[in-house]
Each structure stands twice: as structure tokens, then as C-alpha cells.
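Asker: Please see the structure below; I have some questions.
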Amino acid sequence: MSLNNTDISVIILLYKTNEKKLKNLINYKKFNIYILDQSNDHKTKTILLKLLPNIKYYKVSTINKGFAAGVNFLVKKIKSEYFFCTQADVNINFNSIINLKKVFKKKNDCIIAIPKTNTKKKFNYKKNFIKVKSFYGSTFMADRKKFLEIGSFNEDYFFYWEDIDLSKKITYYSKYNIYKCQNSIASHDSGNSSLNDKKTKFLRYTFFKYGEYLYQYNFKKLKLIKMIREPILLILNLFYCLITIQKLKFSEKLYNLNGIFVFYKFLLKKNFKK
């Protein structure tokens, strides 16, 4: 198979991107690239327009609608058969991306193909493609039509858990499957694509907890006892952290508690519409 890249688009979501990580994006210079920056960062846009010649679409937004909505937005902009979703803290070379496409050519039921990440293990060439039950949204290739057919990411999630939600829908409720490609390798410096400021920490801890509750609610696993007990325990922990002057843990617990309240607000709004 020739190393054809014309049927692959690369989509990249940015938010307060660490400038040191931008050099990783040079790996996509041979692909058509679609970018959404949700932190109103025009400086990064100036840098990337010079770095990457094949940017077909670049939007800088003042509104952060989250990962799920951001990816869905970009997927609707592309016309290629496949798209590769990535972040600035992911490092993967051209051949590994092309190898992901080979999975779709060999497996008609493949909707998403993922590389091996952060591993030093030798390849097992006896079985190039391994069926798996889940994937991480930070780096994956998808068949665009199948991705849209299955409903894309659930935009009720902000970021975190939307990939777990979609994995479950694919694995247990669809005719498609997720495959890991043994001869495609990526390294992921997890959580370091964005600057680690106070607002970013707030979003991370708030929406991880919110996503956890939403996921359990969507798949009928959220128990009433958890919804009552966990907020109480978090409030008690907040008092303890305050007394013992643990500022970092105090903010983490506070943001987690906020995430639960954000979920309660979502639930009330959803039930009110009914």
C-alpha cells in the first residue's frame, strides 16, 4: 500500500496551549489540518500558520464548549474519508498515522483505530490489529461516516469521559469495533497540552467529576446513595484541608464538589424539559 495521505484529515483542539508542545504538531505537515482554539489565543495561530503549510481551517473562539463539542464541530468541517484526532502533547510520526489507516482497509467493522501509546514493548507482528473495548480521545483515527452515523461524541460532556461513553456505545451497542494497531506508536505527555494555570485546573477537576457522574447516569449506574454521600464527604474534607492548610488539596476537592453541583444542574435542566 502506498503512503497515501490525501484521504486523512488531522483535527486538533487547542486550549491555552503550552508553546513548547507546538513543535510536536510539525509531524502533521503532510496532512490537511483543521484547528479549533477555544482560548482566544491568536499568538498560537500566528505561530502555527507559519509552521504548518496545510492548514485548511483555523478558528479562534472566545467560547470554550469543551472537547466533545469541539471535535464534533471540526469533524463536520472535513470531507476526507478518515480523520486523525490529536493534541499538542501527542507525538506520532507520519508512518504510524498511515499504519492506522491500514486497519480500516483490513477490518470492515473498524470505526476507530488507535496506536500503542507510551510503551517500550516490542511489536507482536503475528497479530497486527487487536480488538479493544475502549480508546482515549487524545489520539485516534476514525472513519468519518461511521463516526457521524453512530452519533459522534455526546456533547453533554465537557471534557473527560466522552471517549469512555463513546467506547461503550461502540463496543456494546453497535456493529462496529475499535482496534489497536501494533505497528503504530505514539507518546502522550498526558495533561500537558495546556498551561497549568488556575482556570485550567478548575476546568479539569470540575469536569472530570461531572463527567464521572454523567457517564454513570447515562448507563444506569449512578446510585442515589453516591449522590448524597460523596458531596457530604467532600465538604468534610474541605474543612479538614482548611484546618491543616492544604491549599492544593482544598482547591481540588472544591472543584470536584463544583463538578457534582454542575451535574445536579444538568439533571434538573434535563428533567425540567421533560
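Letters A, B, ... go to the chains of the C-alpha cells in the order shown; residues in each chain start at 1; ligands are counted from 1 in the same order.
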Pick out the residues sitting within 9 Å of A:Asp156, and hand them over as a count of residues only; count only C-alpha atoms, and ignore anything fewer than 3 positions along from it in its own chain.
Answerer: 7
Asker: Extract the full set of helix (DSSP H, G or I) residues from stretch 69-162 of chain A according to DSSP on the backbone, and format it as a PyMOL selection string.
Answerer: chain A and resi 69-75+94-106+144-149+162
Asker: Create the file for the chosen residues now, containing N, CA and C atoms and written as a PDB file, in the first residue's frame.
Answerer:
```pdb
ATOM      1  N   ALA A  69     -17.798  18.745  21.998  1.00  0.00           N
ATOM      2  CA  ALA A  69     -18.397  19.673  21.034  1.00  0.00           C
ATOM      3  C   ALA A  69     -17.360  20.174  20.036  1.00  0.00           C
ATOM      4  N   GLY A  70     -16.125  20.380  20.509  1.00  0.00           N
ATOM      5  CA  GLY A  70     -15.057  20.860  19.645  1.00  0.00           C
ATOM      6  C   GLY A  70     -14.703  19.867  18.555  1.00  0.00           C
ATOM      7  N   VAL A  71     -14.555  18.608  18.923  1.00  0.00           N
ATOM      8  CA  VAL A  71     -14.244  17.562  17.933  1.00  0.00           C
ATOM      9  C   VAL A  71     -15.390  17.420  16.943  1.00  0.00           C
ATOM     10  N   ASN A  72     -16.607  17.352  17.438  1.00  0.00           N
ATOM     11  CA  ASN A  72     -17.767  17.222  16.548  1.00  0.00           C
ATOM     12  C   ASN A  72     -17.839  18.376  15.551  1.00  0.00           C
ATOM     13  N   PHE A  73     -17.512  19.565  16.014  1.00  0.00           N
ATOM     14  CA  PHE A  73     -17.519  20.756  15.162  1.00  0.00           C
ATOM     15  C   PHE A  73     -16.525  20.610  14.012  1.00  0.00           C
ATOM     16  N   LEU A  74     -15.305  20.175  14.342  1.00  0.00           N
ATOM     17  CA  LEU A  74     -14.268  20.035  13.317  1.00  0.00           C
ATOM     18  C   LEU A  74     -14.571  18.893  12.351  1.00  0.00           C
ATOM     19  N   VAL A  75     -15.119  17.791  12.874  1.00  0.00           N
ATOM     20  CA  VAL A  75     -15.441  16.642  12.011  1.00  0.00           C
ATOM     21  C   VAL A  75     -16.433  17.051  10.917  1.00  0.00           C
ATOM     22  N   PHE A  94       4.668  10.190  10.784  1.00  0.00           N
ATOM     23  CA  PHE A  94       3.847  10.039   9.581  1.00  0.00           C
ATOM     24  C   PHE A  94       3.488   8.575   9.325  1.00  0.00           C
ATOM     25  N   ASN A  95       4.470   7.690   9.373  1.00  0.00           N
ATOM     26  CA  ASN A  95       4.224   6.274   9.077  1.00  0.00           C
ATOM     27  C   ASN A  95       3.239   5.636  10.055  1.00  0.00           C
ATOM     28  N   SER A  96       3.325   6.028  11.318  1.00  0.00           N
ATOM     29  CA  SER A  96       2.401   5.468  12.310  1.00  0.00           C
ATOM     30  C   SER A  96       0.965   5.899  12.039  1.00  0.00           C
ATOM     31  N   ILE A  97       0.798   7.111  11.539  1.00  0.00           N
ATOM     32  CA  ILE A  97      -0.550   7.576  11.189  1.00  0.00           C
ATOM     33  C   ILE A  97      -1.079   6.793   9.983  1.00  0.00           C
ATOM     34  N   ILE A  98      -0.231   6.624   8.981  1.00  0.00           N
ATOM     35  CA  ILE A  98      -0.623   5.854   7.796  1.00  0.00           C
ATOM     36  C   ILE A  98      -0.954   4.407   8.174  1.00  0.00           C
ATOM     37  N   ASN A  99      -0.199   3.844   9.102  1.00  0.00           N
ATOM     38  CA  ASN A  99      -0.457   2.469   9.540  1.00  0.00           C
ATOM     39  C   ASN A  99      -1.818   2.329  10.204  1.00  0.00           C
ATOM     40  N   LEU A 100      -2.285   3.383  10.839  1.00  0.00           N
ATOM     41  CA  LEU A 100      -3.630   3.344  11.421  1.00  0.00           C
ATOM     42  C   LEU A 100      -4.680   3.171  10.331  1.00  0.00           C
ATOM     43  N   LYS A 101      -4.461   3.814   9.201  1.00  0.00           N
ATOM     44  CA  LYS A 101      -5.420   3.706   8.095  1.00  0.00           C
ATOM     45  C   LYS A 101      -5.519   2.275   7.574  1.00  0.00           C
ATOM     46  N   LYS A 102      -4.423   1.537   7.657  1.00  0.00           N
ATOM     47  CA  LYS A 102      -4.413   0.159   7.163  1.00  0.00           C
ATOM     48  C   LYS A 102      -5.406  -0.727   7.914  1.00  0.00           C
ATOM     49  N   VAL A 103      -5.678  -0.373   9.160  1.00  0.00           N
ATOM     50  CA  VAL A 103      -6.641  -1.155   9.946  1.00  0.00           C
ATOM     51  C   VAL A 103      -8.011  -1.128   9.267  1.00  0.00           C
ATOM     52  N   PHE A 104      -8.422   0.042   8.807  1.00  0.00           N
ATOM     53  CA  PHE A 104      -9.731   0.185   8.168  1.00  0.00           C
ATOM     54  C   PHE A 104      -9.806  -0.606   6.866  1.00  0.00           C
ATOM     55  N   LYS A 105      -8.676  -0.699   6.177  1.00  0.00           N
ATOM     56  CA  LYS A 105      -8.637  -1.433   4.913  1.00  0.00           C
ATOM     57  C   LYS A 105      -8.730  -2.946   5.140  1.00  0.00           C
ATOM     58  N   LYS A 106      -8.257  -3.387   6.294  1.00  0.00           N
ATOM     59  CA  LYS A 106      -8.264  -4.822   6.607  1.00  0.00           C
ATOM     60  C   LYS A 106      -9.502  -5.245   7.395  1.00  0.00           C
ATOM     61  N   ARG A 144     -14.875   8.736   9.151  1.00  0.00           N
ATOM     62  CA  ARG A 144     -15.737   9.898   9.353  1.00  0.00           C
ATOM     63  C   ARG A 144     -17.224   9.542   9.245  1.00  0.00           C
ATOM     64  N   LYS A 145     -17.615   8.796   8.219  1.00  0.00           N
ATOM     65  CA  LYS A 145     -19.030   8.472   8.032  1.00  0.00           C
ATOM     66  C   LYS A 145     -19.563   7.599   9.164  1.00  0.00           C
ATOM     67  N   LYS A 146     -18.766   6.630   9.582  1.00  0.00           N
ATOM     68  CA  LYS A 146     -19.203   5.757  10.683  1.00  0.00           C
ATOM     69  C   LYS A 146     -19.298   6.547  11.991  1.00  0.00           C
ATOM     70  N   PHE A 147     -18.338   7.457  12.193  1.00  0.00           N
ATOM     71  CA  PHE A 147     -18.330   8.291  13.400  1.00  0.00           C
ATOM     72  C   PHE A 147     -19.592   9.154  13.458  1.00  0.00           C
ATOM     73  N   LEU A 148     -19.969   9.740  12.325  1.00  0.00           N
ATOM     74  CA  LEU A 148     -21.180  10.552  12.283  1.00  0.00           C
ATOM     75  C   LEU A 148     -22.423   9.675  12.415  1.00  0.00           C
ATOM     76  N   GLU A 149     -22.376   8.480  11.818  1.00  0.00           N
ATOM     77  CA  GLU A 149     -23.516   7.567  11.868  1.00  0.00           C
ATOM     78  C   GLU A 149     -23.850   7.159  13.302  1.00  0.00           C
ATOM     79  N   GLU A 162     -16.071  11.557  27.692  1.00  0.00           N
ATOM     80  CA  GLU A 162     -16.803  11.426  26.425  1.00  0.00           C
ATOM     81  C   GLU A 162     -16.261  10.274  25.593  1.00  0.00           C
TER      82      GLU A 162
END
```
Asker: Figure out the distance between atom CA of A:Asn256 and atom CA of A:Thr206, please, to one decimal in Å.
Answerer: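 Between atom CA of A:Thr206 and atom CA of A:Asn256 the gap is 5.0 Å.
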Asker: When you look at A:Val90 with a cut-off of 8 Å (counting only C-alpha atoms), what residues show up, excluding the ones that are within fewer than 2 positions of it in the same chain? I need them as a PyMOL selection string.
Answerer: chain A and resi 24+86-88+92+138-139+186-189
Asker: Dump C-alpha atoms for the selected residues as a PDB file, in the first residue's frame?
Answerer:
```
ATOM      1  CA  ASN A  24       5.001  18.196  18.054  1.00  0.00           C
ATOM      2  CA  THR A  86      -4.679  14.615  18.180  1.00  0.00           C
ATOM      3  CA  GLN A  87      -3.370  17.104  20.740  1.00  0.00           C
ATOM      4  CA  ALA A  88      -0.213  19.154  21.173  1.00  0.00           C
ATOM      5  CA  ILE A  92       3.449  10.414  16.479  1.00  0.00           C
ATOM      6  CA  SER A 138      -6.277  12.323  22.891  1.00  0.00           C
ATOM      7  CA  THR A 139      -5.136  10.311  19.851  1.00  0.00           C
ATOM      8  CA  ALA A 186       2.571   7.397  19.830  1.00  0.00           C
ATOM      9  CA  SER A 187       3.857   9.006  23.002  1.00  0.00           C
ATOM     10  CA  HIS A 188       1.489  11.091  25.075  1.00  0.00           C
ATOM     11  CA  ASP A 189       2.668  13.546  27.715  1.00  0.00           C
TER      12      ASP A 189
END
```
Asker: Nearest residue to A:Tyr157 out of A:Ile12, A:Leu222, A:Cys85, A:Val262, using only C-alpha atoms?
Answerer: A:Val262
Asker: Would you mind telling me which residue in A:Lys79, A:Lys270, A:Lys59, A:Lys180 lies nearest to A:Ser9 when using only C-alpha atoms?
Answerer: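 Nearest to A:Ser9: A:Lys79.
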Asker: Name the residues of stretch 168-249 of chain A that fall into strand (DSSP E) according to DSSP on the backbone, using the chain letters and numbers of this document, as a list in words.
Answerer: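 Filtering stretch 168-249 of chain A to strand (DSSP E) leaves Asn177, Ile178, Tyr179, Lys180, Cys181, Gln182, Asn183, Ser184, Ile185, Ala186, Ser187 and His188 of chain A.
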